[in-house]
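File shown: my_file.cif. Contents: mmCIF, C-alpha atoms.
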```
data_work
loop_
_atom_site.group_PDB
_atom_site.id
_atom_site.type_symbol
_atom_site.label_atom_id
_atom_site.label_comp_id
_atom_site.auth_asym_id
_atom_site.auth_seq_id
_atom_site.Cartn_x
_atom_site.Cartn_y
_atom_site.Cartn_z
ATOM 1 C CA MET A 105 -1.183 3.195 21.723
ATOM 2 C CA ILE A 106 -0.305 2.327 18.115
ATOM 3 C CA VAL A 107 2.909 3.642 16.535
ATOM 4 C CA VAL A 108 2.991 4.000 12.749
ATOM 5 C CA THR A 109 6.389 4.848 11.314
ATOM 6 C CA GLY A 110 6.086 6.407 7.882
ATOM 7 C CA GLY A 111 2.576 7.293 8.990
ATOM 8 C CA ALA A 112 2.358 10.410 6.818
ATOM 9 C CA GLY A 113 3.364 8.436 3.732
ATOM 10 C CA PHE A 114 1.208 6.520 1.311
ATOM 11 C CA ILE A 115 0.409 3.198 2.963
ATOM 12 C CA GLY A 116 1.084 4.596 6.425
ATOM 13 C CA SER A 117 -1.479 7.390 6.157
ATOM 14 C CA ASN A 118 -4.125 4.980 4.847
ATOM 15 C CA LEU A 119 -3.465 2.691 7.820
ATOM 16 C CA HIS A 120 -3.388 5.616 10.236
ATOM 17 C CA ALA A 121 -6.776 6.885 9.002
ATOM 18 C CA ALA A 122 -8.298 3.437 9.486
ATOM 19 C CA LEU A 123 -6.880 3.203 13.008
ATOM 20 C CA VAL A 124 -8.290 6.621 13.919
ATOM 21 C CA ARG A 125 -11.698 5.595 12.566
ATOM 22 C CA ALA A 126 -11.499 2.526 14.794
ATOM 23 C CA GLY A 127 -10.878 4.709 17.854
ATOM 24 C CA GLN A 128 -7.187 3.883 18.306
ATOM 25 C CA GLU A 129 -4.703 6.330 19.799
ATOM 26 C CA THR A 130 -1.980 6.767 17.198
ATOM 27 C CA VAL A 131 1.541 8.142 17.156
ATOM 28 C CA VAL A 132 2.874 8.931 13.692
ATOM 29 C CA VAL A 133 6.634 8.898 13.175
ATOM 30 C CA ASP A 134 7.463 10.862 10.035
ATOM 31 C CA TRP A 135 8.514 14.159 8.514
ATOM 32 C CA LEU A 136 5.845 16.292 6.872
ATOM 33 C CA GLY A 137 8.335 18.288 4.802
ATOM 34 C CA ARG A 138 7.285 21.043 2.441
ATOM 35 C CA GLU A 139 5.684 19.029 -0.343
ATOM 36 C CA GLY A 140 2.168 18.995 1.084
ATOM 37 C CA LYS A 141 2.485 15.583 2.737
ATOM 38 C CA TRP A 142 0.546 16.987 5.696
ATOM 39 C CA ARG A 143 -2.567 16.619 3.545
ATOM 40 C CA ASN A 144 -2.264 12.845 3.956
ATOM 41 C CA LEU A 145 -3.111 13.407 7.642
ATOM 42 C CA ALA A 146 -5.550 16.294 7.238
ATOM 43 C CA SER A 147 -8.694 14.225 7.758
ATOM 44 C CA ALA A 148 -7.287 12.308 10.728
ATOM 45 C CA PRO A 149 -4.614 14.156 12.726
ATOM 46 C CA PRO A 150 -2.578 11.822 14.956
ATOM 47 C CA ALA A 151 -2.526 12.065 18.730
ATOM 48 C CA ARG A 152 1.174 12.830 18.368
ATOM 49 C CA LEU A 153 3.639 13.444 15.539
ATOM 50 C CA VAL A 154 7.247 12.404 16.254
ATOM 51 C CA ALA A 155 10.105 13.345 13.953
ATOM 52 C CA PRO A 156 12.279 10.312 13.095
ATOM 53 C CA GLU A 157 15.325 11.899 14.741
ATOM 54 C CA ASP A 158 13.304 12.116 17.982
ATOM 55 C CA LEU A 159 12.164 8.485 17.925
ATOM 56 C CA ASP A 160 14.863 7.256 20.333
ATOM 57 C CA ALA A 161 13.926 9.873 22.914
ATOM 58 C CA PHE A 162 10.243 9.023 22.541
ATOM 59 C CA LEU A 163 10.845 5.295 23.025
ATOM 60 C CA ALA A 164 13.118 5.979 26.000
ATOM 61 C CA THR A 165 10.046 7.210 27.897
ATOM 62 C CA ARG A 166 8.698 3.638 27.622
ATOM 63 C CA PRO A 167 5.301 4.655 26.227
ATOM 64 C CA PRO A 168 2.486 2.064 26.473
ATOM 65 C CA VAL A 169 2.804 0.836 22.876
ATOM 66 C CA GLU A 170 0.641 -2.128 21.881
ATOM 67 C CA MET A 171 1.772 -2.372 18.259
ATOM 68 C CA ILE A 172 4.440 -0.848 16.037
ATOM 69 C CA PHE A 173 3.573 -0.760 12.359
ATOM 70 C CA HIS A 174 6.965 -0.056 10.833
ATOM 71 C CA LEU A 175 6.281 1.258 7.327
ATOM 72 C CA GLY A 176 8.907 3.994 7.134
ATOM 73 C CA ALA A 177 11.707 3.293 4.656
ATOM 74 C CA ILE A 178 13.720 4.578 1.754
ATOM 75 C CA SER A 179 11.581 2.902 -0.893
ATOM 76 C CA GLU A 180 12.950 4.278 -4.160
ATOM 77 C CA THR A 181 14.042 1.395 -6.354
ATOM 78 C CA THR A 182 16.628 3.731 -7.918
ATOM 79 C CA ALA A 183 18.229 4.711 -4.573
ATOM 80 C CA THR A 184 22.041 4.693 -4.653
ATOM 81 C CA ASP A 185 23.182 5.827 -1.166
ATOM 82 C CA GLY A 186 23.964 2.432 0.316
ATOM 83 C CA ASP A 187 24.913 3.696 3.771
ATOM 84 C CA LEU A 188 21.705 5.704 4.160
ATOM 85 C CA VAL A 189 19.554 2.850 2.860
ATOM 86 C CA TRP A 190 21.230 0.393 5.257
ATOM 87 C CA ALA A 191 20.784 2.697 8.244
ATOM 88 C CA THR A 192 17.131 3.358 7.399
ATOM 89 C CA ASN A 193 15.963 -0.003 6.078
ATOM 90 C CA VAL A 194 18.007 -2.405 8.232
ATOM 91 C CA GLU A 195 19.439 -0.793 11.372
ATOM 92 C CA LEU A 196 16.298 1.169 12.292
ATOM 93 C CA PRO A 197 13.877 -1.785 12.096
ATOM 94 C CA LEU A 198 16.349 -3.916 14.054
ATOM 95 C CA LYS A 199 16.319 -1.266 16.778
ATOM 96 C CA LEU A 200 12.503 -1.280 16.790
ATOM 97 C CA TRP A 201 12.432 -5.080 16.851
ATOM 98 C CA HIS A 202 14.596 -5.206 19.974
ATOM 99 C CA TRP A 203 12.623 -2.404 21.641
ATOM 100 C CA ALA A 204 9.333 -4.190 20.991
ATOM 101 C CA ALA A 205 10.772 -7.459 22.321
ATOM 102 C CA ALA A 206 12.019 -5.782 25.479
ATOM 103 C CA ASN A 207 8.800 -3.889 26.121
ATOM 104 C CA GLY A 208 6.120 -6.478 25.375
ATOM 105 C CA ALA A 209 4.960 -4.759 22.196
ATOM 106 C CA ARG A 210 3.990 -6.306 18.880
ATOM 107 C CA MET A 211 5.548 -5.369 15.539
ATOM 108 C CA VAL A 212 4.460 -5.555 11.907
ATOM 109 C CA TYR A 213 7.002 -4.371 9.365
ATOM 110 C CA ALA A 214 7.017 -3.703 5.645
ATOM 111 C CA SER A 215 9.136 -5.986 3.537
ATOM 112 C CA SER A 216 8.728 -5.872 -0.247
ATOM 113 C CA ALA A 217 8.164 -7.928 -3.371
ATOM 114 C CA ALA A 218 11.381 -6.285 -4.581
ATOM 115 C CA THR A 219 13.171 -8.967 -2.545
ATOM 116 C CA TYR A 220 12.174 -11.488 -5.237
ATOM 117 C CA GLY A 221 14.300 -9.855 -7.937
ATOM 118 C CA ASN A 222 13.432 -11.072 -11.429
ATOM 119 C CA GLY A 223 11.304 -13.879 -10.026
ATOM 120 C CA ALA A 224 13.635 -16.650 -11.168
ATOM 121 C CA ALA A 225 13.650 -18.091 -7.634
ATOM 122 C CA GLY A 226 9.877 -17.843 -7.349
ATOM 123 C CA PHE A 227 7.674 -15.703 -5.121
ATOM 124 C CA GLU A 228 7.146 -18.005 -2.147
ATOM 125 C CA ASP A 229 7.088 -16.210 1.195
ATOM 126 C CA GLY A 230 8.381 -17.710 4.398
ATOM 127 C CA MET A 231 11.810 -17.604 5.986
ATOM 128 C CA GLU A 232 12.925 -20.880 4.421
ATOM 129 C CA HIS A 233 13.030 -19.284 0.954
ATOM 130 C CA LEU A 234 15.133 -16.213 1.756
ATOM 131 C CA GLU A 235 18.603 -17.509 0.958
ATOM 132 C CA ARG A 236 17.831 -18.190 -2.704
ATOM 133 C CA LEU A 237 16.524 -14.704 -3.509
ATOM 134 C CA HIS A 238 18.509 -12.173 -5.560
ATOM 135 C CA PRO A 239 17.057 -8.625 -5.601
ATOM 136 C CA LEU A 240 17.732 -6.384 -8.576
ATOM 137 C CA ASN A 241 18.380 -3.145 -6.697
ATOM 138 C CA LEU A 242 19.646 -1.633 -3.454
ATOM 139 C CA TYR A 243 16.147 -1.155 -2.048
ATOM 140 C CA GLY A 244 15.170 -4.800 -2.558
ATOM 141 C CA TRP A 245 18.518 -5.959 -1.170
ATOM 142 C CA SER A 246 18.055 -3.899 2.013
ATOM 143 C CA LYS A 247 14.584 -5.321 2.576
ATOM 144 C CA LEU A 248 15.919 -8.842 2.103
ATOM 145 C CA ALA A 249 18.785 -8.080 4.488
ATOM 146 C CA PHE A 250 16.312 -7.250 7.252
ATOM 147 C CA ASP A 251 14.174 -10.331 6.531
ATOM 148 C CA ARG A 252 17.337 -12.434 6.845
ATOM 149 C CA ALA A 253 18.304 -10.672 10.083
ATOM 150 C CA VAL A 254 14.903 -11.574 11.527
ATOM 151 C CA ALA A 255 15.308 -15.161 10.359
ATOM 152 C CA ARG A 256 18.682 -15.414 12.117
ATOM 153 C CA LEU A 257 17.268 -13.985 15.348
ATOM 154 C CA LEU A 258 14.385 -16.446 15.313
ATOM 155 C CA ALA A 259 16.615 -19.423 14.482
ATOM 156 C CA ALA A 260 18.967 -18.554 17.331
ATOM 157 C CA GLY A 261 16.144 -18.213 19.825
ATOM 158 C CA GLY A 262 16.855 -14.490 20.139
ATOM 159 C CA PRO A 263 14.494 -11.799 21.367
ATOM 160 C CA ARG A 264 11.252 -11.371 19.491
ATOM 161 C CA PRO A 265 8.219 -9.110 19.836
ATOM 162 C CA ALA A 266 5.047 -10.493 21.377
ATOM 163 C CA GLN A 267 3.731 -10.755 17.806
ATOM 164 C CA TRP A 268 5.718 -10.187 14.636
ATOM 165 C CA ALA A 269 4.881 -10.168 10.962
ATOM 166 C CA GLY A 270 6.767 -9.076 7.865
ATOM 167 C CA LEU A 271 4.635 -8.093 4.891
ATOM 168 C CA LYS A 272 5.978 -8.429 1.356
ATOM 169 C CA PHE A 273 3.930 -5.735 -0.344
ATOM 170 C CA PHE A 274 3.490 -6.096 -4.082
ATOM 171 C CA ASN A 275 2.388 -3.161 -6.318
ATOM 172 C CA VAL A 276 0.179 -1.054 -4.066
ATOM 173 C CA TYR A 277 -1.948 1.773 -5.494
ATOM 174 C CA GLY A 278 -4.506 4.210 -4.136
ATOM 175 C CA PRO A 279 -4.975 7.684 -2.613
ATOM 176 C CA ASN A 280 -2.363 9.669 -0.664
ATOM 177 C CA GLU A 281 0.572 8.648 -2.862
ATOM 178 C CA TYR A 282 0.819 12.057 -4.526
ATOM 179 C CA HIS A 283 4.050 13.105 -2.768
ATOM 180 C CA LYS A 284 6.015 10.138 -4.105
ATOM 181 C CA GLY A 285 7.279 11.743 -7.305
ATOM 182 C CA PRO A 286 8.748 9.139 -9.674
ATOM 183 C CA MET A 287 7.685 6.317 -7.330
ATOM 184 C CA VAL A 288 3.975 7.087 -7.674
ATOM 185 C CA SER A 289 1.822 4.196 -8.939
ATOM 186 C CA VAL A 290 1.401 3.557 -12.647
ATOM 187 C CA ILE A 291 -2.352 4.126 -12.271
ATOM 188 C CA LYS A 292 -1.787 7.728 -11.185
ATOM 189 C CA VAL A 293 0.760 8.312 -13.960
ATOM 190 C CA LYS A 294 -1.533 6.931 -16.682
ATOM 191 C CA HIS A 295 -4.468 8.960 -15.390
ATOM 192 C CA ASP A 296 -2.377 12.143 -15.499
ATOM 193 C CA GLU A 297 -1.377 11.398 -19.084
ATOM 194 C CA ILE A 298 -5.024 11.002 -20.068
ATOM 195 C CA VAL A 299 -5.957 14.273 -18.336
ATOM 196 C CA ALA A 300 -3.169 15.965 -20.322
ATOM 197 C CA GLY A 301 -4.730 14.705 -23.573
ATOM 198 C CA GLN A 302 -2.096 12.051 -24.199
ATOM 199 C CA ALA A 303 -2.357 8.350 -24.801
ATOM 200 C CA PRO A 304 -1.142 6.349 -21.780
ATOM 201 C CA ARG A 305 2.503 5.438 -22.356
ATOM 202 C CA LEU A 306 3.936 2.035 -21.516
ATOM 203 C CA PHE A 307 7.534 0.822 -21.597
ATOM 204 C CA ARG A 308 8.581 -1.434 -24.403
ATOM 205 C CA SER A 309 9.741 -4.757 -23.048
ATOM 206 C CA ASP A 310 13.454 -5.254 -22.394
ATOM 207 C CA ARG A 311 13.073 -9.025 -22.752
ATOM 208 C CA PRO A 312 12.588 -10.899 -26.034
ATOM 209 C CA ASP A 313 10.204 -13.382 -24.418
ATOM 210 C CA VAL A 314 7.816 -10.671 -23.155
ATOM 211 C CA ALA A 315 5.728 -8.612 -25.579
ATOM 212 C CA ASP A 316 5.403 -4.850 -25.208
ATOM 213 C CA GLY A 317 2.741 -4.068 -22.623
ATOM 214 C CA GLU A 318 2.611 -7.667 -21.417
ATOM 215 C CA GLN A 319 4.918 -7.125 -18.474
ATOM 216 C CA LYS A 320 2.821 -8.255 -15.523
ATOM 217 C CA ARG A 321 2.615 -7.230 -11.890
ATOM 218 C CA ASP A 322 0.424 -8.100 -8.946
ATOM 219 C CA PHE A 323 -1.381 -4.780 -8.395
ATOM 220 C CA ILE A 324 -3.167 -4.443 -5.043
ATOM 221 C CA TRP A 325 -5.576 -1.768 -3.813
ATOM 222 C CA VAL A 326 -4.266 0.035 -0.719
ATOM 223 C CA GLY A 327 -7.500 -0.639 1.163
ATOM 224 C CA ASP A 328 -6.802 -4.371 0.929
ATOM 225 C CA VAL A 329 -3.307 -3.831 2.342
ATOM 226 C CA VAL A 330 -4.791 -1.891 5.266
ATOM 227 C CA ASP A 331 -7.329 -4.654 5.884
ATOM 228 C CA VAL A 332 -4.496 -7.177 6.205
ATOM 229 C CA MET A 333 -2.727 -5.006 8.774
ATOM 230 C CA LEU A 334 -5.917 -4.421 10.769
ATOM 231 C CA TRP A 335 -6.506 -8.167 10.761
ATOM 232 C CA LEU A 336 -3.025 -8.697 12.190
ATOM 233 C CA LEU A 337 -3.803 -6.163 14.926
ATOM 234 C CA GLU A 338 -6.916 -8.190 15.756
ATOM 235 C CA THR A 339 -5.111 -11.548 15.497
ATOM 236 C CA PRO A 340 -2.159 -11.583 17.919
ATOM 237 C CA ALA A 341 -1.375 -15.249 17.273
ATOM 238 C CA ALA A 342 -0.608 -14.654 13.575
ATOM 239 C CA CYS A 343 3.146 -14.440 13.051
ATOM 240 C CA GLY A 344 5.320 -14.903 9.986
ATOM 241 C CA LEU A 345 6.548 -13.498 6.713
ATOM 242 C CA PHE A 346 3.592 -13.021 4.379
ATOM 243 C CA ASN A 347 3.034 -11.951 0.794
ATOM 244 C CA VAL A 348 0.466 -9.175 0.416
ATOM 245 C CA GLY A 349 -0.827 -9.141 -3.141
ATOM 246 C CA THR A 350 -3.950 -10.346 -4.889
ATOM 247 C CA GLY A 351 -2.472 -13.615 -6.120
ATOM 248 C CA ARG A 352 -3.160 -12.649 -9.736
ATOM 249 C CA ALA A 353 -0.693 -10.948 -12.075
ATOM 250 C CA ARG A 354 -2.154 -8.476 -14.561
ATOM 251 C CA SER A 355 -0.454 -6.861 -17.542
ATOM 252 C CA TYR A 356 0.327 -3.187 -17.907
ATOM 253 C CA ARG A 357 -1.895 -3.264 -20.979
ATOM 254 C CA ASP A 358 -4.770 -4.459 -18.764
ATOM 255 C CA LEU A 359 -3.989 -1.656 -16.349
ATOM 256 C CA ALA A 360 -3.959 1.016 -19.056
ATOM 257 C CA ARG A 361 -7.257 -0.308 -20.394
ATOM 258 C CA ALA A 362 -8.801 -0.108 -16.910
ATOM 259 C CA VAL A 363 -7.598 3.485 -16.405
ATOM 260 C CA CYS A 364 -8.980 4.524 -19.807
ATOM 261 C CA ALA A 365 -12.351 2.951 -18.966
ATOM 262 C CA ALA A 366 -12.486 4.585 -15.522
ATOM 263 C CA ALA A 367 -11.605 7.987 -17.030
ATOM 264 C CA GLY A 368 -14.043 7.645 -19.936
ATOM 265 C CA ALA A 369 -11.196 7.845 -22.455
ATOM 266 C CA GLU A 370 -10.430 5.977 -25.657
ATOM 267 C CA ASP A 371 -8.572 2.726 -25.097
ATOM 268 C CA ARG A 372 -5.207 3.434 -26.695
ATOM 269 C CA VAL A 373 -1.572 3.282 -25.631
ATOM 270 C CA GLU A 374 1.802 4.506 -26.858
ATOM 271 C CA PHE A 375 4.947 2.437 -26.323
ATOM 272 C CA ILE A 376 8.200 4.136 -25.349
ATOM 273 C CA ASP A 377 11.712 2.832 -24.709
ATOM 274 C CA MET A 378 12.526 1.767 -21.180
ATOM 275 C CA PRO A 379 14.995 4.167 -19.499
ATOM 276 C CA ALA A 380 18.538 2.845 -19.470
ATOM 277 C CA LYS A 381 18.697 2.953 -15.645
ATOM 278 C CA LEU A 382 15.839 0.448 -15.421
ATOM 279 C CA ARG A 383 17.078 -2.081 -17.951
ATOM 280 C CA GLY A 384 18.217 -5.211 -16.210
ATOM 281 C CA GLN A 385 16.589 -4.018 -12.946
ATOM 282 C CA TYR A 386 12.981 -4.232 -14.091
ATOM 283 C CA GLN A 387 10.623 -6.918 -12.828
ATOM 284 C CA SER A 388 8.669 -8.153 -15.860
ATOM 285 C CA PHE A 389 6.500 -10.495 -13.780
ATOM 286 C CA THR A 390 5.393 -10.591 -10.160
ATOM 287 C CA GLN A 391 2.610 -12.628 -8.621
ATOM 288 C CA ALA A 392 2.038 -13.257 -4.939
ATOM 289 C CA PRO A 393 1.288 -16.792 -3.767
ATOM 290 C CA MET A 394 -1.179 -16.122 -0.983
ATOM 291 C CA ALA A 395 -1.490 -19.567 0.608
ATOM 292 C CA ARG A 396 0.553 -18.680 3.707
ATOM 293 C CA LEU A 397 -1.599 -15.673 4.653
ATOM 294 C CA ARG A 398 -4.774 -17.644 3.928
ATOM 295 C CA ALA A 399 -3.528 -20.525 6.079
ATOM 296 C CA ALA A 400 -2.925 -18.061 8.917
ATOM 297 C CA GLY A 401 -6.633 -17.236 8.792
ATOM 298 C CA TYR A 402 -7.002 -14.181 6.565
ATOM 299 C CA ALA A 403 -10.171 -14.812 4.540
ATOM 300 C CA ARG A 404 -11.233 -11.513 2.940
ATOM 301 C CA PRO A 405 -11.291 -11.301 -0.875
ATOM 302 C CA PHE A 406 -8.987 -8.906 -2.717
ATOM 303 C CA THR A 407 -10.251 -6.112 -4.943
ATOM 304 C CA PRO A 408 -10.094 -6.894 -8.700
ATOM 305 C CA LEU A 409 -7.894 -4.529 -10.715
ATOM 306 C CA GLU A 410 -10.734 -2.958 -12.696
ATOM 307 C CA GLU A 411 -12.761 -2.277 -9.546
ATOM 308 C CA GLY A 412 -9.821 -0.801 -7.666
ATOM 309 C CA VAL A 413 -8.784 1.414 -10.585
ATOM 310 C CA ARG A 414 -12.338 2.668 -11.040
ATOM 311 C CA HIS A 415 -12.576 3.486 -7.332
ATOM 312 C CA TYR A 416 -9.234 5.295 -7.329
ATOM 313 C CA VAL A 417 -9.865 7.284 -10.502
ATOM 314 C CA GLN A 418 -13.501 8.226 -9.998
ATOM 315 C CA ASP A 419 -13.648 8.613 -6.214
ATOM 316 C CA PHE A 420 -10.257 10.237 -5.674
ATOM 317 C CA LEU A 421 -8.261 11.364 -8.706
ATOM 318 C CA ARG A 422 -11.283 13.007 -10.343
ATOM 319 C CA LYS A 423 -12.371 14.800 -7.176
ATOM 320 C CA PRO A 424 -11.326 18.339 -6.155
ATOM 321 C CA ASP A 425 -9.838 16.843 -2.977
ATOM 322 C CA PRO A 426 -8.162 13.540 -3.948
ATOM 323 C CA TYR A 427 -7.003 12.677 -0.434
ATOM 324 C CA LEU A 428 -8.388 9.934 1.778
#
```
Rewritten as structure tokens:
Amino acid sequence: MIVVTGGAGFIGSNLHAALVRAGQETVVVDWLGREGKWRNLASAPPARLVAPEDLDAFLATRPPVEMIFHLGAISETTATDGDLVWATNVELPLKLWHWAAANGARMVYASSAATYGNGAAGFEDGMEHLERLHPLNLYGWSKLAFDRAVARLLAAGGPRPAQWAGLKFFNVYGPNEYHKGPMVSVIKVKHDEIVAGQAPRLFRSDRPDVADGEQKRDFIWVGDVVDVMLWLLETPAACGLFNVGTGRARSYRDLARAVCAAAGAEDRVEFIDMPAKLRGQYQSFTQAPMARLRAAGYARPFTPLEEGVRHYVQDFLRKPDPYL
């Protein structure tokens, strides 16, 4: 049995669908709500759907769980409720960590590139780099807090799951993100602007050393993220804190150009001021060093930005049913 928390969300539903295709019995822990998130599971209903408030009761039955993929979180970079974020992003995964350790299960959890802050301390993964990181927002801080909690447990010889891995996801894009509101990927936002007859809009830079549109991120296709997690399921000896990106930063101008090409639209952009709430909290550059994951044995190539954007736009966003 495989448990996927956040399994009706973006990355979770993509992973869940892949697990179902592989013949795995899955338990999804999530709320479906009233925003149509059920459509993320429509093509691959789980064996069981557990509401997050019922998770303790479910685990108390000691189900035969092989792996927990813990992807559920409050992921909004503009979140402000510190108590709720701490309970969800730190206390809950700690509870799952101890349960997995006590019950012989494995655990893969979602960390985030938001832990790297403005990148001044670099983007090297691994527990030895955690103390020098300074996230820019509450979400990134909470993810770093859990990484540090894991590091302390390991250093003290505390309980650990049979296999553990933390994945620092960079900028993931792809189908089934449509419920995310303002946290939806830039690719989806730019495509919607083109469909509405507008030029794709990009934020002006808030840094004098970065030109407008030249802010860069490591954008990664969701299928590549799923492949990494499936590889971990197949590779029980692989443990550690790993970056999950492509290893190549690309500019927002490159991204807008790729969306225009995929949509058959004129290559043009409009620059707008960055919202005040993002100034000083905006990552102008992220790029994932991938040596640690490669050294652990992961060998598959990552999808180039133009190929991933074309696939997303033409095979999902332009279809009557854009879901996986």
Target residues per the PyMOL selection byres ((chain A and resi 123-132) around 12), formatted as an NGL selection string: :A and (105-113 or 116-122 or 133-136 or 142 or 144-145 or 147-156 or 158-159 or 162-163 or 167-176 or 330-331 or 333-335 or 337-338)
What box, with edges along x, y and z, holds each listed atom of segment 280-295 of chain A when 4 Å is added on every side, and can you state its centre and edge lengths in Å to one decimal, as JSON?
```
{"center_x": 2.1, "center_y": 8.3, "center_z": -8.7, "size_x": 21.2, "size_y": 17.5, "size_z": 24.0}
```
Local residues around (2.4, -3.4, -18.4), at most 12 Å away, using all atoms listed in the file, as a ChimeraX atom specification: /A:290-291,294,304-310,314-323,353-362,373-376,378,386-390
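For the file shown, the residue list from the PyMOL selection byres ((chain A and resi 184) around 12) reads Ile178, Ser179, Glu180, Thr181, Thr182, Ala183, Asp185, Gly186, Asp187, Leu188, Val189, Trp190, Asn241, Leu242, Tyr243, Gly244, Trp245, Ser246 and Lys381 of chain A.
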One-decimal distance in Å that lies between atom CA of Glu228 of chain A and atom CA of Lys247 of chain A: 15.4 Å
Extract, using all atoms listed in the file, all DNA, RNA and protein residues at most 12 Å from Glu411 of chain A, discarding same-chain residues fewer than 2 positions from it, and format them as an mmCIF file with C-alpha atoms, in the frame of the given file.
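part07.cif, freshly written:
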```cif
data_model
loop_
_atom_site.group_PDB
_atom_site.id
_atom_site.type_symbol
_atom_site.label_atom_id
_atom_site.label_comp_id
_atom_site.auth_asym_id
_atom_site.auth_seq_id
_atom_site.Cartn_x
_atom_site.Cartn_y
_atom_site.Cartn_z
ATOM 1 C CA GLY A 278 -4.506 4.210 -4.136
ATOM 2 C CA PHE A 323 -1.381 -4.780 -8.395
ATOM 3 C CA ILE A 324 -3.167 -4.443 -5.043
ATOM 4 C CA TRP A 325 -5.576 -1.768 -3.813
ATOM 5 C CA LEU A 359 -3.989 -1.656 -16.349
ATOM 6 C CA ALA A 362 -8.801 -0.108 -16.910
ATOM 7 C CA VAL A 363 -7.598 3.485 -16.405
ATOM 8 C CA ALA A 365 -12.351 2.951 -18.966
ATOM 9 C CA ALA A 366 -12.486 4.585 -15.522
ATOM 10 C CA PHE A 406 -8.987 -8.906 -2.717
ATOM 11 C CA THR A 407 -10.251 -6.112 -4.943
ATOM 12 C CA PRO A 408 -10.094 -6.894 -8.700
ATOM 13 C CA LEU A 409 -7.894 -4.529 -10.715
ATOM 14 C CA VAL A 413 -8.784 1.414 -10.585
ATOM 15 C CA ARG A 414 -12.338 2.668 -11.040
ATOM 16 C CA HIS A 415 -12.576 3.486 -7.332
ATOM 17 C CA TYR A 416 -9.234 5.295 -7.329
ATOM 18 C CA VAL A 417 -9.865 7.284 -10.502
ATOM 19 C CA GLN A 418 -13.501 8.226 -9.998
ATOM 20 C CA ASP A 419 -13.648 8.613 -6.214
#
```
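What separates atom CA of Lys284 of chain A from atom CA of Ala214 of chain A is a distance of 17.0 Å.
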One-decimal distance in Å that lies between atom CA of Pro197 of chain A and atom CA of Ala403 of chain A: 28.4 Å
Answer key for the PyMOL selection byres ((chain A and resi 237) around 9), residues as number ranges by chain: A: 219-221, 223-226, 233-236, 238-239, 248
Among listed residues A:Val288, A:Gly140, A:Ala395, A:Gly344, nearest Pro265 of chain A (using all atoms listed in the file): A:Gly344
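Ranking A:Gly270, A:Gly368, A:Gly261, A:Gly285 by their shortest atom-to-atom distance to Tyr213 of chain A, with only C-alpha atoms included, puts A:Gly270 first.
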